[in-house]
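*Asks:* Provided below: upload36.txt, containing compact mmCIF, C-alpha atoms (C1' of nucleotides).
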```
# COMPACT_ATOMS: atom_id res chain seq x y z
CA MET A 71 -12.10 -16.22 0.26
CA THR A 72 -8.84 -17.60 -1.13
CA ALA A 73 -10.11 -21.06 -2.09
CA LEU A 74 -9.98 -20.34 -5.83
CA LEU A 75 -6.51 -18.83 -5.49
CA LYS A 76 -5.24 -21.91 -3.68
CA GLN A 77 -6.69 -24.16 -6.33
CA ASN A 78 -5.05 -22.07 -9.04
CA ILE A 79 -1.64 -22.24 -7.37
CA ASN A 80 -2.02 -25.99 -6.95
CA SER A 81 -2.47 -26.31 -10.69
CA HIS A 82 1.04 -24.91 -11.19
CA ILE A 83 3.18 -26.17 -8.28
CA ALA A 84 2.96 -28.13 -5.02
CA LEU A 85 3.10 -26.19 -1.75
CA THR A 86 2.78 -27.40 1.83
CA ASP A 87 -0.30 -26.18 3.72
CA ALA A 88 1.88 -23.84 5.74
CA GLU A 89 3.49 -22.34 2.64
CA MET A 90 0.11 -21.95 0.99
CA GLU A 91 -1.35 -20.17 4.02
CA ALA A 92 1.66 -17.91 4.41
CA PHE A 93 1.51 -16.90 0.77
CA CYS A 94 -2.25 -16.46 0.47
CA ASN A 95 -2.34 -14.32 3.61
CA LEU A 96 -0.33 -11.71 1.73
CA PHE A 97 -3.31 -10.94 -0.53
CA GLN A 98 -5.91 -8.22 0.06
CA HIS A 99 -9.46 -8.57 -1.15
CA LYS A 100 -10.80 -5.69 -3.23
CA ILE A 101 -14.14 -5.00 -4.89
CA ILE A 102 -14.15 -3.07 -8.17
CA LYS A 103 -17.44 -1.87 -9.62
CA LYS A 104 -18.15 -2.01 -13.34
CA LYS A 105 -16.38 0.70 -15.38
CA ASN A 106 -13.96 1.41 -12.55
CA PHE A 107 -10.21 1.08 -12.97
CA LEU A 108 -7.68 -1.11 -11.24
CA LEU A 109 -4.96 0.83 -13.08
CA ARG A 110 -4.81 3.86 -15.38
CA LYS A 111 -2.13 4.94 -17.80
CA GLY A 112 0.48 7.06 -16.02
CA GLU A 113 0.10 5.30 -12.67
CA VAL A 114 2.71 2.86 -11.38
CA CYS A 115 1.19 -0.62 -11.10
CA LYS A 116 1.60 -1.53 -7.43
CA PHE A 117 -0.08 -4.92 -7.43
CA GLU A 118 -0.34 -8.32 -8.96
CA GLY A 119 -3.95 -9.46 -8.92
CA PHE A 120 -5.95 -12.68 -9.03
CA VAL A 121 -9.55 -12.34 -10.22
CA THR A 122 -12.16 -14.10 -8.08
CA LYS A 123 -15.26 -12.56 -9.69
CA GLY A 124 -16.12 -10.56 -12.78
CA THR A 125 -14.17 -9.50 -15.85
CA PHE A 126 -11.33 -7.10 -16.53
CA ARG A 127 -9.77 -5.86 -19.71
CA VAL A 128 -6.15 -4.77 -19.97
CA TYR A 129 -5.82 -2.31 -22.81
CA HIS A 130 -3.83 0.35 -24.55
CA ILE A 131 -5.04 3.53 -26.25
CA ASP A 132 -3.01 4.57 -29.28
CA LYS A 133 -2.36 8.05 -30.66
CA SER A 134 -5.51 8.06 -32.77
CA GLY A 135 -7.61 7.07 -29.76
CA ARG A 136 -8.24 3.46 -30.76
CA GLU A 137 -8.14 0.84 -28.03
CA GLN A 138 -6.14 -2.38 -28.27
CA ILE A 139 -6.88 -5.10 -25.74
CA LEU A 140 -3.82 -6.97 -24.53
CA TYR A 141 -5.89 -9.51 -22.63
CA PHE A 142 -9.05 -10.17 -20.67
CA ALA A 143 -9.06 -11.58 -17.15
CA ILE A 144 -12.01 -13.40 -15.64
CA GLU A 145 -12.31 -15.62 -12.55
CA ASN A 146 -9.19 -17.70 -11.98
CA TRP A 147 -6.95 -15.46 -14.11
CA TRP A 148 -4.09 -13.24 -12.99
CA VAL A 149 -3.99 -9.57 -13.87
CA THR A 150 -1.28 -6.92 -13.71
CA ASP A 151 0.89 -4.69 -15.85
CA ILE A 152 4.01 -6.77 -15.44
CA ASP A 153 6.14 -4.07 -17.09
CA SER A 154 5.14 -1.26 -14.75
CA PHE A 155 5.01 -3.58 -11.73
CA THR A 156 8.61 -4.78 -12.16
CA THR A 157 10.21 -1.54 -13.36
CA GLU A 158 8.07 0.72 -11.11
CA ARG A 159 7.67 3.08 -14.05
CA PRO A 160 4.33 4.64 -15.11
CA SER A 161 2.09 2.23 -16.94
CA GLN A 162 1.06 2.62 -20.58
CA LEU A 163 -2.02 0.51 -19.91
CA PHE A 164 -5.49 0.69 -18.42
CA ILE A 165 -7.07 -2.13 -16.41
CA GLU A 166 -10.85 -1.72 -16.22
CA ALA A 167 -13.64 -3.81 -14.74
CA LEU A 168 -16.24 -4.69 -17.40
CA GLU A 169 -18.59 -6.02 -14.70
CA ASP A 170 -18.79 -5.68 -10.92
CA SER A 171 -15.66 -7.63 -9.99
CA GLU A 172 -13.49 -8.84 -7.15
CA VAL A 173 -9.74 -9.39 -6.96
CA LEU A 174 -7.11 -10.56 -4.52
CA LEU A 175 -4.12 -8.22 -4.66
CA ILE A 176 -0.54 -8.69 -3.55
CA SER A 177 1.80 -5.73 -3.25
CA LYS A 178 5.30 -5.62 -4.67
CA LYS A 179 6.80 -5.61 -1.18
CA ASP A 180 4.85 -8.68 -0.13
CA LYS A 181 5.70 -10.44 -3.37
CA GLU A 182 9.39 -9.73 -2.78
CA PHE A 183 8.94 -11.05 0.74
CA ALA A 184 7.49 -14.25 -0.70
CA TYR A 185 10.35 -14.60 -3.18
CA THR A 186 12.92 -14.50 -0.38
CA ASN A 187 11.06 -16.49 2.26
CA LEU A 188 9.12 -18.98 0.18
CA PRO A 189 11.50 -20.19 -2.53
CA LYS A 190 8.79 -22.13 -4.34
CA ILE A 191 7.01 -18.87 -5.09
CA GLU A 192 9.89 -17.95 -7.34
CA LYS A 193 9.17 -21.14 -9.26
CA LEU A 194 5.42 -20.44 -9.26
CA PHE A 195 5.85 -17.12 -11.03
CA ARG A 196 8.54 -18.46 -13.37
CA VAL A 197 6.19 -21.23 -14.44
CA MET A 198 3.18 -18.93 -14.75
CA THR A 199 5.10 -16.32 -16.73
CA GLN A 200 6.36 -19.04 -19.07
CA LYS A 201 2.84 -20.31 -19.71
CA THR A 202 1.53 -16.79 -20.33
CA HIS A 203 4.44 -16.17 -22.65
CA VAL A 204 3.77 -19.31 -24.67
CA ALA A 205 0.13 -18.25 -25.07
CA LEU A 206 1.19 -14.80 -26.26
CA GLN A 207 3.66 -16.31 -28.74
CA ARG A 208 0.82 -18.33 -30.24
CA ARG A 209 -1.38 -15.26 -30.44
CA MET A 210 1.45 -13.32 -32.11
CA ILE A 211 1.87 -15.99 -34.77
CA ASP A 212 -1.89 -16.15 -35.30
CA ASN A 213 -2.04 -12.41 -35.76
CA LEU A 214 0.80 -12.55 -38.27
CA SER A 215 -0.61 -15.45 -40.26
CA LYS A 216 -4.38 -15.51 -40.02
CA THR A 217 -7.15 -13.41 -41.48
CA ALA A 218 -9.60 -11.60 -39.16
CA ASP A 219 -12.36 -14.12 -39.98
CA GLN A 220 -10.20 -16.99 -38.83
CA ARG A 221 -8.97 -15.17 -35.72
CA TYR A 222 -12.59 -14.53 -34.72
CA LEU A 223 -13.56 -18.17 -35.26
CA ASP A 224 -10.51 -19.24 -33.24
CA PHE A 225 -11.46 -16.81 -30.49
CA ILE A 226 -15.02 -18.04 -30.03
CA GLU A 227 -13.80 -21.62 -30.11
CA LYS A 228 -10.94 -21.05 -27.66
CA TYR A 229 -12.76 -18.71 -25.26
CA PRO A 230 -16.50 -19.52 -25.38
CA GLN A 231 -16.95 -18.10 -21.87
CA LEU A 232 -15.43 -14.77 -22.97
CA ASN A 233 -17.47 -14.71 -26.18
CA GLN A 234 -20.64 -14.96 -24.10
CA ARG A 235 -19.70 -12.25 -21.64
CA LEU A 236 -18.04 -9.66 -23.85
CA SER A 237 -19.53 -7.15 -26.25
CA ASN A 238 -18.41 -7.32 -29.87
CA LEU A 239 -16.72 -3.98 -29.31
CA GLN A 240 -14.38 -5.63 -26.81
CA ILE A 241 -13.77 -8.67 -28.96
CA ALA A 242 -12.96 -6.48 -31.98
CA ALA A 243 -10.43 -4.51 -29.91
CA TYR A 244 -8.81 -7.79 -28.89
CA LEU A 245 -8.69 -9.10 -32.45
CA GLY A 246 -7.28 -5.82 -33.72
CA ILE A 247 -10.13 -4.95 -36.09
CA SER A 248 -12.90 -2.34 -36.19
CA HIS A 249 -16.18 -3.37 -34.61
CA GLU A 250 -17.96 -2.63 -37.90
CA PHE A 251 -15.79 -5.15 -39.67
CA LEU A 252 -16.40 -7.71 -36.93
CA SER A 253 -20.11 -7.18 -37.46
CA LYS A 254 -19.67 -7.93 -41.17
CA ILE A 255 -17.66 -11.06 -40.37
CA ARG A 256 -20.43 -12.24 -38.03
CA ASN A 257 -23.02 -11.61 -40.71
CA LYS A 258 -20.97 -13.56 -43.27
CA ILE A 259 -20.55 -16.50 -40.90
CA ALA A 260 -24.27 -16.50 -39.96
CA THR A 261 -25.55 -16.45 -43.52
CA LYS A 262 -23.07 -19.09 -44.66
CA LYS A 263 -24.36 -21.68 -42.23
CA MET V 164 34.23 -19.37 -24.29
CA THR V 165 31.55 -18.43 -21.76
CA ALA V 166 32.66 -14.83 -21.15
CA LEU V 167 29.70 -13.34 -23.04
CA LEU V 168 27.29 -15.68 -21.26
CA LYS V 169 28.63 -14.64 -17.86
CA GLN V 170 28.30 -11.00 -18.75
CA ASN V 171 24.72 -11.59 -19.89
CA ILE V 172 23.79 -13.35 -16.65
CA ASN V 173 25.38 -10.54 -14.65
CA SER V 174 23.09 -8.07 -16.37
CA HIS V 175 20.09 -9.87 -14.86
CA ILE V 176 21.15 -11.12 -11.40
CA ALA V 177 24.18 -11.35 -9.09
CA LEU V 178 25.87 -14.74 -8.70
CA THR V 179 28.99 -15.70 -6.75
CA ASP V 180 31.98 -16.84 -8.83
CA ALA V 181 31.36 -20.42 -7.74
CA GLU V 182 27.68 -20.30 -8.73
CA MET V 183 28.57 -18.72 -12.05
CA GLU V 184 31.17 -21.40 -12.82
CA ALA V 185 28.88 -24.22 -11.76
CA PHE V 186 26.08 -22.93 -13.95
CA CYS V 187 28.15 -22.05 -17.03
CA ASN V 188 29.86 -25.44 -16.96
CA LEU V 189 26.49 -27.00 -17.77
CA PHE V 190 26.58 -25.49 -21.28
CA GLN V 191 27.88 -27.22 -24.41
CA HIS V 192 29.39 -25.27 -27.26
CA LYS V 193 27.97 -25.97 -30.71
CA ILE V 194 28.71 -24.64 -34.19
CA ILE V 195 25.84 -24.33 -36.64
CA LYS V 196 26.56 -23.54 -40.28
CA LYS V 197 24.42 -21.14 -42.27
CA LYS V 198 21.07 -22.62 -43.37
CA ASN V 199 21.34 -25.43 -40.85
CA PHE V 200 18.72 -25.98 -38.16
CA LEU V 201 18.95 -25.95 -34.40
CA LEU V 202 15.36 -27.20 -34.33
CA ARG V 203 12.77 -28.31 -36.87
CA LYS V 204 8.99 -28.56 -36.59
CA GLY V 205 8.02 -31.95 -35.16
CA GLU V 206 11.15 -32.35 -33.03
CA VAL V 207 11.09 -31.88 -29.26
CA CYS V 208 13.25 -28.91 -28.29
CA LYS V 209 15.85 -30.36 -25.94
CA PHE V 210 17.88 -27.24 -25.25
CA GLU V 211 17.89 -23.67 -24.17
CA GLY V 212 20.58 -21.78 -26.11
CA PHE V 213 22.68 -18.66 -25.78
CA VAL V 214 24.03 -17.24 -29.04
CA THR V 215 27.74 -16.32 -29.02
CA LYS V 216 28.15 -15.77 -32.77
CA GLY V 217 25.92 -15.37 -35.82
CA THR V 218 22.17 -15.02 -36.30
CA PHE V 219 19.20 -17.30 -35.90
CA ARG V 220 15.58 -16.93 -36.82
CA VAL V 221 12.77 -18.67 -34.95
CA TYR V 222 9.84 -19.08 -37.28
CA HIS V 223 6.56 -20.74 -38.09
CA ILE V 224 5.23 -21.92 -41.43
CA ASP V 225 1.46 -21.62 -41.84
CA LYS V 226 -0.93 -23.74 -43.89
CA SER V 227 -0.43 -21.69 -47.04
CA GLY V 228 3.35 -22.00 -46.71
CA ARG V 229 4.07 -18.45 -45.57
CA GLU V 230 6.70 -17.95 -42.89
CA GLN V 231 6.15 -15.88 -39.76
CA ILE V 232 9.20 -14.97 -37.73
CA LEU V 233 8.64 -15.05 -33.97
CA TYR V 234 12.03 -13.54 -33.23
CA PHE V 235 15.63 -13.24 -34.29
CA ALA V 236 18.57 -14.11 -32.03
CA ILE V 237 22.05 -12.69 -32.50
CA GLU V 238 25.06 -12.61 -30.16
CA ASN V 239 24.04 -12.17 -26.52
CA TRP V 240 20.46 -13.37 -27.08
CA TRP V 241 18.82 -16.52 -25.80
CA VAL V 242 17.09 -18.92 -28.15
CA THR V 243 14.73 -21.85 -27.62
CA ASP V 244 11.18 -22.99 -28.22
CA ILE V 245 10.05 -22.48 -24.65
CA ASP V 246 6.75 -24.25 -25.35
CA SER V 247 8.28 -27.49 -26.65
CA PHE V 248 11.16 -27.32 -24.17
CA THR V 249 8.91 -27.15 -21.12
CA THR V 250 6.12 -29.45 -22.28
CA GLU V 251 8.44 -31.89 -24.13
CA ARG V 252 5.93 -31.95 -26.97
CA PRO V 253 6.87 -31.66 -30.67
CA SER V 254 7.69 -28.13 -31.71
CA GLN V 255 5.63 -26.11 -34.18
CA LEU V 256 8.68 -23.97 -34.92
CA PHE V 257 11.91 -23.96 -36.88
CA ILE V 258 15.16 -22.45 -35.58
CA GLU V 259 17.58 -21.81 -38.42
CA ALA V 260 21.04 -20.21 -38.63
CA LEU V 261 21.04 -17.32 -41.11
CA GLU V 262 24.87 -17.13 -40.91
CA ASP V 263 27.58 -19.45 -39.64
CA SER V 264 26.79 -19.33 -35.94
CA GLU V 265 27.77 -20.59 -32.51
CA VAL V 266 25.65 -21.31 -29.46
CA LEU V 267 26.04 -22.50 -25.89
CA LEU V 268 23.37 -25.09 -25.12
CA ILE V 269 22.00 -26.34 -21.82
CA SER V 270 19.88 -29.48 -21.69
CA LYS V 271 16.58 -29.77 -19.85
CA LYS V 272 18.11 -32.14 -17.32
CA ASP V 273 20.98 -29.77 -16.56
CA LYS V 274 18.62 -26.83 -16.32
CA GLU V 275 16.49 -28.76 -13.83
CA PHE V 276 19.69 -29.59 -11.95
CA ALA V 277 20.48 -25.88 -11.80
CA TYR V 278 16.96 -25.02 -10.59
CA THR V 279 17.28 -27.40 -7.64
CA ASN V 280 20.93 -26.81 -6.74
CA LEU V 281 21.37 -23.13 -7.62
CA PRO V 282 18.25 -21.34 -6.37
CA LYS V 283 19.24 -18.05 -7.98
CA ILE V 284 18.92 -19.68 -11.40
CA GLU V 285 15.22 -19.95 -10.81
CA LYS V 286 15.20 -16.18 -10.35
CA LEU V 287 17.40 -15.69 -13.41
CA PHE V 288 14.94 -17.39 -15.71
CA ARG V 289 11.91 -15.81 -14.04
CA VAL V 290 13.43 -12.37 -14.61
CA MET V 291 14.50 -13.15 -18.17
CA THR V 292 11.11 -14.62 -19.10
CA GLN V 293 9.40 -11.55 -17.65
CA LYS V 294 11.54 -9.21 -19.73
CA THR V 295 10.96 -11.23 -22.89
CA HIS V 296 7.26 -11.25 -22.13
CA VAL V 297 7.13 -7.48 -21.71
CA ALA V 298 8.88 -7.06 -25.07
CA LEU V 299 6.39 -9.39 -26.74
CA GLN V 300 3.45 -7.53 -25.16
CA ARG V 301 4.77 -4.30 -26.69
CA ARG V 302 5.17 -5.97 -30.08
CA MET V 303 1.63 -7.34 -29.84
CA ILE V 304 0.20 -3.89 -29.17
CA ASP V 305 2.27 -2.40 -31.98
CA ASN V 306 0.99 -5.04 -34.37
CA LEU V 307 -2.59 -4.31 -33.33
CA SER V 308 -2.30 -0.54 -33.54
CA LYS V 309 0.32 0.45 -36.08
CA THR V 310 0.46 0.40 -39.84
CA ALA V 311 3.17 -1.62 -41.63
CA ASP V 312 5.07 1.58 -42.54
CA GLN V 313 5.31 2.56 -38.90
CA ARG V 314 6.24 -0.93 -37.73
CA TYR V 315 9.09 -0.98 -40.27
CA LEU V 316 10.36 2.43 -39.14
CA ASP V 317 10.15 1.27 -35.52
CA PHE V 318 12.05 -1.90 -36.42
CA ILE V 319 15.00 -0.18 -38.07
CA GLU V 320 15.17 2.31 -35.24
CA LYS V 321 14.94 -0.31 -32.49
CA TYR V 322 17.15 -2.97 -34.09
CA PRO V 323 19.68 -1.22 -36.36
CA GLN V 324 22.07 -4.17 -36.01
CA LEU V 325 19.38 -6.57 -37.24
CA ASN V 326 18.37 -4.25 -40.07
CA GLN V 327 21.96 -4.34 -41.34
CA ARG V 328 22.35 -8.08 -41.15
CA LEU V 329 18.99 -9.32 -42.35
CA SER V 330 17.50 -9.49 -45.82
CA ASN V 331 14.23 -7.66 -46.43
CA LEU V 332 12.64 -11.06 -46.88
CA GLN V 333 13.38 -11.85 -43.24
CA ILE V 334 12.31 -8.44 -41.99
CA ALA V 335 9.02 -8.69 -43.89
CA ALA V 336 8.34 -12.10 -42.32
CA TYR V 337 8.96 -10.56 -38.89
CA LEU V 338 6.69 -7.58 -39.57
CA GLY V 339 3.97 -9.84 -40.95
CA ILE V 340 3.83 -8.36 -44.45
CA SER V 341 4.79 -9.57 -47.93
CA HIS V 342 8.30 -8.70 -49.06
CA GLU V 343 6.87 -6.94 -52.11
CA PHE V 344 4.93 -4.60 -49.86
CA LEU V 345 8.01 -3.98 -47.73
CA SER V 346 9.83 -3.03 -50.91
CA LYS V 347 7.11 -0.49 -51.71
CA ILE V 348 7.31 0.92 -48.20
CA ARG V 349 11.07 1.30 -48.56
CA ASN V 350 10.62 3.06 -51.86
CA LYS V 351 8.06 5.43 -50.37
CA ILE V 352 10.32 6.26 -47.43
CA ALA V 353 13.35 6.79 -49.70
CA THR V 354 11.61 9.11 -52.15
CA LYS V 355 9.97 11.11 -49.36
CA LYS V 356 13.30 12.16 -47.83
C1' DG E 156 35.28 -15.10 -63.32
C1' DT E 157 30.96 -17.17 -64.86
C1' DC E 158 26.66 -19.35 -64.10
C1' DA E 159 22.96 -20.26 -61.06
C1' DT E 160 20.38 -18.97 -57.26
C1' DT E 161 18.55 -15.88 -54.20
C1' DT E 162 16.99 -11.30 -53.20
C1' DA E 163 14.87 -6.81 -54.47
C1' DT E 164 11.90 -3.82 -57.26
C1' DT E 165 7.83 -2.44 -59.83
C1' DG E 166 3.06 -2.48 -61.78
C1' DA E 167 -1.64 -4.05 -62.27
C1' DA E 168 -5.55 -6.33 -60.49
C1' DC E 169 -7.43 -7.95 -56.45
C1' DT E 170 -8.74 -8.79 -51.33
C1' DT E 171 -9.00 -7.38 -46.77
C1' DG E 172 -10.08 -4.17 -43.62
C1' DT E 173 -11.28 1.04 -42.34
C1' DT E 174 -13.99 5.11 -42.01
C1' DC E 175 -17.99 7.62 -41.79
C1' DA E 176 -22.71 8.14 -41.54
C1' DA E 177 -27.23 6.52 -40.93
C1' DT E 178 -30.44 3.36 -38.57
C1' DG E 179 -31.96 -0.11 -35.47
C1' DT E 180 -31.48 -2.64 -31.13
C1' DT E 181 -30.35 -3.43 -26.41
C1' DT E 182 -29.12 -2.02 -21.89
C1' DT E 183 -28.94 1.24 -18.25
C1' DT E 184 -30.53 5.01 -15.67
C1' DT E 185 -33.91 7.58 -13.61
C1' DA C 224 -42.19 3.21 -18.21
C1' DA C 225 -39.64 6.63 -20.63
C1' DA C 226 -35.44 8.67 -21.86
C1' DA C 227 -30.70 8.28 -22.50
C1' DA C 228 -26.74 5.88 -23.46
C1' DA C 229 -24.26 2.19 -25.27
C1' DC C 230 -23.98 -1.39 -28.66
C1' DA C 231 -24.79 -3.60 -33.28
C1' DT C 232 -25.72 -3.53 -38.23
C1' DT C 233 -25.37 -1.99 -42.95
C1' DG C 234 -23.71 0.45 -47.15
C1' DA C 235 -20.64 3.24 -49.79
C1' DA C 236 -16.18 5.16 -50.56
C1' DC C 237 -11.62 4.59 -49.38
C1' DA C 238 -6.93 2.85 -47.71
C1' DA C 239 -3.83 -0.84 -46.68
C1' DG C 240 -1.83 -4.85 -48.00
C1' DT C 241 -1.56 -9.24 -51.24
C1' DT C 242 -0.77 -11.77 -55.31
C1' DC C 243 1.20 -12.69 -59.54
C1' DA C 244 4.28 -11.84 -63.09
C1' DA C 245 8.14 -9.71 -65.10
C1' DT C 246 12.74 -7.75 -64.58
C1' DA C 247 16.92 -6.19 -62.29
C1' DA C 248 20.47 -6.63 -58.90
C1' DA C 249 23.27 -9.04 -55.67
C1' DT C 250 25.38 -13.25 -53.78
C1' DG C 251 27.16 -17.73 -53.74
C1' DA C 252 29.10 -22.00 -55.85
C1' DC C 253 32.19 -24.07 -58.68
```
Give the structure from this file in structure tokens form.
*Replies:*
Amino acid sequence: MTALLKQNINSHIALTDAEMEAFCNLFQHKIIKKKNFLLRKGEVCKFEGFVTKGTFRVYHIDKSGREQILYFAIENWWVTDIDSFTTERPSQLFIEALEDSEVLLISKKDKEFAYTNLPKIEKLFRVMTQKTHVALQRRMIDNLSKTADQRYLDFIEKYPQLNQRLSNLQIAAYLGISHEFLSKIRNKIATKK
Amino acid sequence: MTALLKQNINSHIALTDAEMEAFCNLFQHKIIKKKNFLLRKGEVCKFEGFVTKGTFRVYHIDKSGREQILYFAIENWWVTDIDSFTTERPSQLFIEALEDSEVLLISKKDKEFAYTNLPKIEKLFRVMTQKTHVALQRRMIDNLSKTADQRYLDFIEKYPQLNQRLSNLQIAAYLGISHEFLSKIRNKIATKK
DNA sequence: GTCATTTATTGAACTTGTTCAATGTTTTTT
DNA sequence: AAAAAACATTGAACAAGTTCAATAAATGAC
């Protein structure tokens, strides 16, 4: 059940078998059907999750009703609203399953327990947050400097697995463009080749 | 010399006086004159810095020569290229003083020393990275959902101190628009009131 | 204080991306 | 298998933002 989680943790830091067991035992397995929500705007995010099956999208809905996707999470990715989870304030985000999915969830209390009793877990989350932050910095710069065409080409090159699994609607909401315009970009790319 | 740094650390976590002294003693004071660089593209970032005086901008230059500002750092802010610092690979970024400035710098080796010998420092940087990450997530969503006018209004409301100290050139590079267009936005706002 | 440099403004032509509406295609549900 | 729903494409009119060039204003260097 937690094999993928253990492998993921191993890719960041080294834990003894006992530490690994102790930590992984804190997670609860949960099944989320397609179109169901792990979190809705207004709720306090009470978990940090690790995806073992399926796809989630973490998104925001603005005043005019448009959706902006902060990130996708598929197998082997972590998912949470880190803001709401740490501050315990209502979330501004939605986390929705785009397919029938499964996650391992750890509660805030159990995570705090791990921080105090398993010092390396503090390092694990520092390292993971740093890596996530670096990726977001790159995306920020790309969004400031690149045209939508280029961002789309980058996306399909960087995340071929996501490109296969996601509708163009979802990809457009991630790139920050209308799906109609994405369709025109795709047409332009296809006819150019 | 390190009073501001101590105050900043206290705003994130609680350290004993001995821990605080031990940690703050690892920092070196450095003066950087206006238009000089703390880091240039191609160099490995060997420090994490805390600004005690002045202003820095952390920016990227794209293929067409346009500059995108990742963030500004004034007194009481931290500054580094976290990507280059952790991976020890050449940086893609420039860090430049926009005024005569002063920073407290900690080297990678000393930071590692702190992580192993002062466990709370691990927590300090986890917490700080989380907060920075949350701020960047918000900026990302704003950039995906809001028009340049609104982002500018948000900027001057959120960072009045930066708005005062920075040229419109710098602000435009942060917002991801041309400075000419920022000028037109400013005109529109001024004549509307 | 003057000259040179940098920063800010404005207008015109252009490019990128949006909106809306209509139509076709695919997927899901029953 | 048919009907409904969701997704994708296309075109036309529009809005947002860029580029280039010219000029004005502010700042810095000597």
*Asks:* Looking at V:Glu265, V:Glu206, V:Asp305, V:Asp273, which one is nearest to chain A, with distances taken over all atoms listed in the file?
*Replies:* V:Asp305
*Asks:* Write out as a list in words every residue belonging to chain A that has an atom at most 7 Å from any atom of chain V, counting all atoms listed in the file.
*Replies:*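 The selection requested is Asp132, Gln138, Leu140, Asp153, Glu192, Lys193, Phe195, Arg196, Thr199, Gln200, His203, Val204, Met210, Ile211, Leu214, Ser215 and Gly246 of chain A.
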*Asks:* Please determine the contact residues of chain C with respect to chain A at a cut-off of 8 Å, counting only C-alpha atoms (C1' of nucleotides), and supply them as a VMD selection string.
*Replies:* chain C and resid 230 to 232
*Asks:* Please, which residues of chain E lie no more than 9 Å from chain V when the count uses only C-alpha atoms (C1' of nucleotides), and can they be set out as a PyMOL selection string?
*Replies:* chain E and resi 162-165
*Asks:* Would you list the residues near (25.1, -13.0, -54.7), meaning any protein, DNA or RNA residue with an atom at most 12 Å from that point in file coordinates, counting all atoms listed in the file, as a list in words?
*Replies:*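 It turns out the residues near that spot are DC158, DA159, DT160, DT161, DT162 and DA163 of chain E; DA248, DA249, DT250, DG251 and DA252 of chain C.
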*Asks:* Could the centre and edge lengths of an axis-aligned box, enclosing all atoms of segment 166-185 of chain E in the file with 5 Å extra on each side, be given in Å to one decimal as JSON?
*Replies:*
```
{"center_x": -15.4, "center_y": -0.3, "center_z": -37.9, "size_x": 47.0, "size_y": 26.9, "size_z": 58.7}
```
*Asks:* What does the structure give for the distance between atom CA of Ala167 of chain A and atom CA of Gln240 of chain A, in Å to one decimal?
*Replies:*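 Computing it gives 12.2 Å between the two atoms.
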*Asks:* Mind pulling up the distance from atom C1' of DT174 of chain E to atom CA of Phe164 of chain A?
*Replies:*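 One can read the atom CA of Phe164 of chain A to atom C1' of DT174 of chain E distance as 25.5 Å.
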*Asks:* Between atom CA of Ile165 of chain A and atom CA of Phe225 of chain A, what is the distance, to one decimal in Å?
*Replies:* 20.8 Å
*Asks:* Return the single residue from C:DA247, C:DA236, C:DT241, C:DA229 that is closest to DT180 of chain E, with distances computed using all atoms listed in the file.
*Replies:*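 Smallest distance to DT180 of chain E is found for C:DA229.
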*Asks:* Tell me which protein, DNA and RNA residues are within 12 Å of Ile79 of chain A, counting all atoms listed in the file, leaving out same-chain ones fewer than 6 positions away, and put them as a list in words.
*Replies:*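 Near neighbours after the sequence-gap exclusion: Thr72, Ala73, Leu85, Thr86, Asp87, Glu89, Met90, Glu91, Phe93, Cys94, Phe120, Asn146, Trp147, Trp148, Lys190, Ile191, Lys193, Leu194, Phe195, Val197 and Met198 of chain A.
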*Asks:* Since the input has fewer atoms than a full residue there, write segment 106-114 of chain A out with N, CA and C atoms, as a PDB file, in the coordinates of the input.
*Replies:*
```pdb
ATOM      1  N   ASN A 106     -15.017   0.814 -13.356  1.00  0.00           N
ATOM      2  CA  ASN A 106     -13.960   1.410 -12.550  1.00  0.00           C
ATOM      3  C   ASN A 106     -12.613   0.785 -12.922  1.00  0.00           C
ATOM      4  N   PHE A 107     -11.546   1.467 -12.521  1.00  0.00           N
ATOM      5  CA  PHE A 107     -10.210   1.080 -12.970  1.00  0.00           C
ATOM      6  C   PHE A 107      -9.356   0.519 -11.841  1.00  0.00           C
ATOM      7  N   LEU A 108      -8.671  -0.558 -12.153  1.00  0.00           N
ATOM      8  CA  LEU A 108      -7.680  -1.110 -11.240  1.00  0.00           C
ATOM      9  C   LEU A 108      -6.361  -0.376 -11.484  1.00  0.00           C
ATOM     10  N   LEU A 109      -6.188   0.112 -12.699  1.00  0.00           N
ATOM     11  CA  LEU A 109      -4.960   0.830 -13.080  1.00  0.00           C
ATOM     12  C   LEU A 109      -5.285   1.744 -14.259  1.00  0.00           C
ATOM     13  N   ARG A 110      -4.686   2.942 -14.239  1.00  0.00           N
ATOM     14  CA  ARG A 110      -4.810   3.860 -15.380  1.00  0.00           C
ATOM     15  C   ARG A 110      -3.434   4.183 -15.917  1.00  0.00           C
ATOM     16  N   LYS A 111      -3.380   4.503 -17.181  1.00  0.00           N
ATOM     17  CA  LYS A 111      -2.130   4.940 -17.800  1.00  0.00           C
ATOM     18  C   LYS A 111      -1.508   6.070 -16.980  1.00  0.00           C
ATOM     19  N   GLY A 112      -0.210   6.009 -16.767  1.00  0.00           N
ATOM     20  CA  GLY A 112       0.480   7.060 -16.020  1.00  0.00           C
ATOM     21  C   GLY A 112       0.729   6.683 -14.572  1.00  0.00           C
ATOM     22  N   GLU A 113      -0.105   5.776 -14.042  1.00  0.00           N
ATOM     23  CA  GLU A 113       0.100   5.300 -12.670  1.00  0.00           C
ATOM     24  C   GLU A 113       1.130   4.173 -12.662  1.00  0.00           C
ATOM     25  N   VAL A 114       1.832   4.023 -11.542  1.00  0.00           N
ATOM     26  CA  VAL A 114       2.710   2.860 -11.380  1.00  0.00           C
ATOM     27  C   VAL A 114       1.855   1.710 -10.855  1.00  0.00           C
TER      28      VAL A 114
END
```
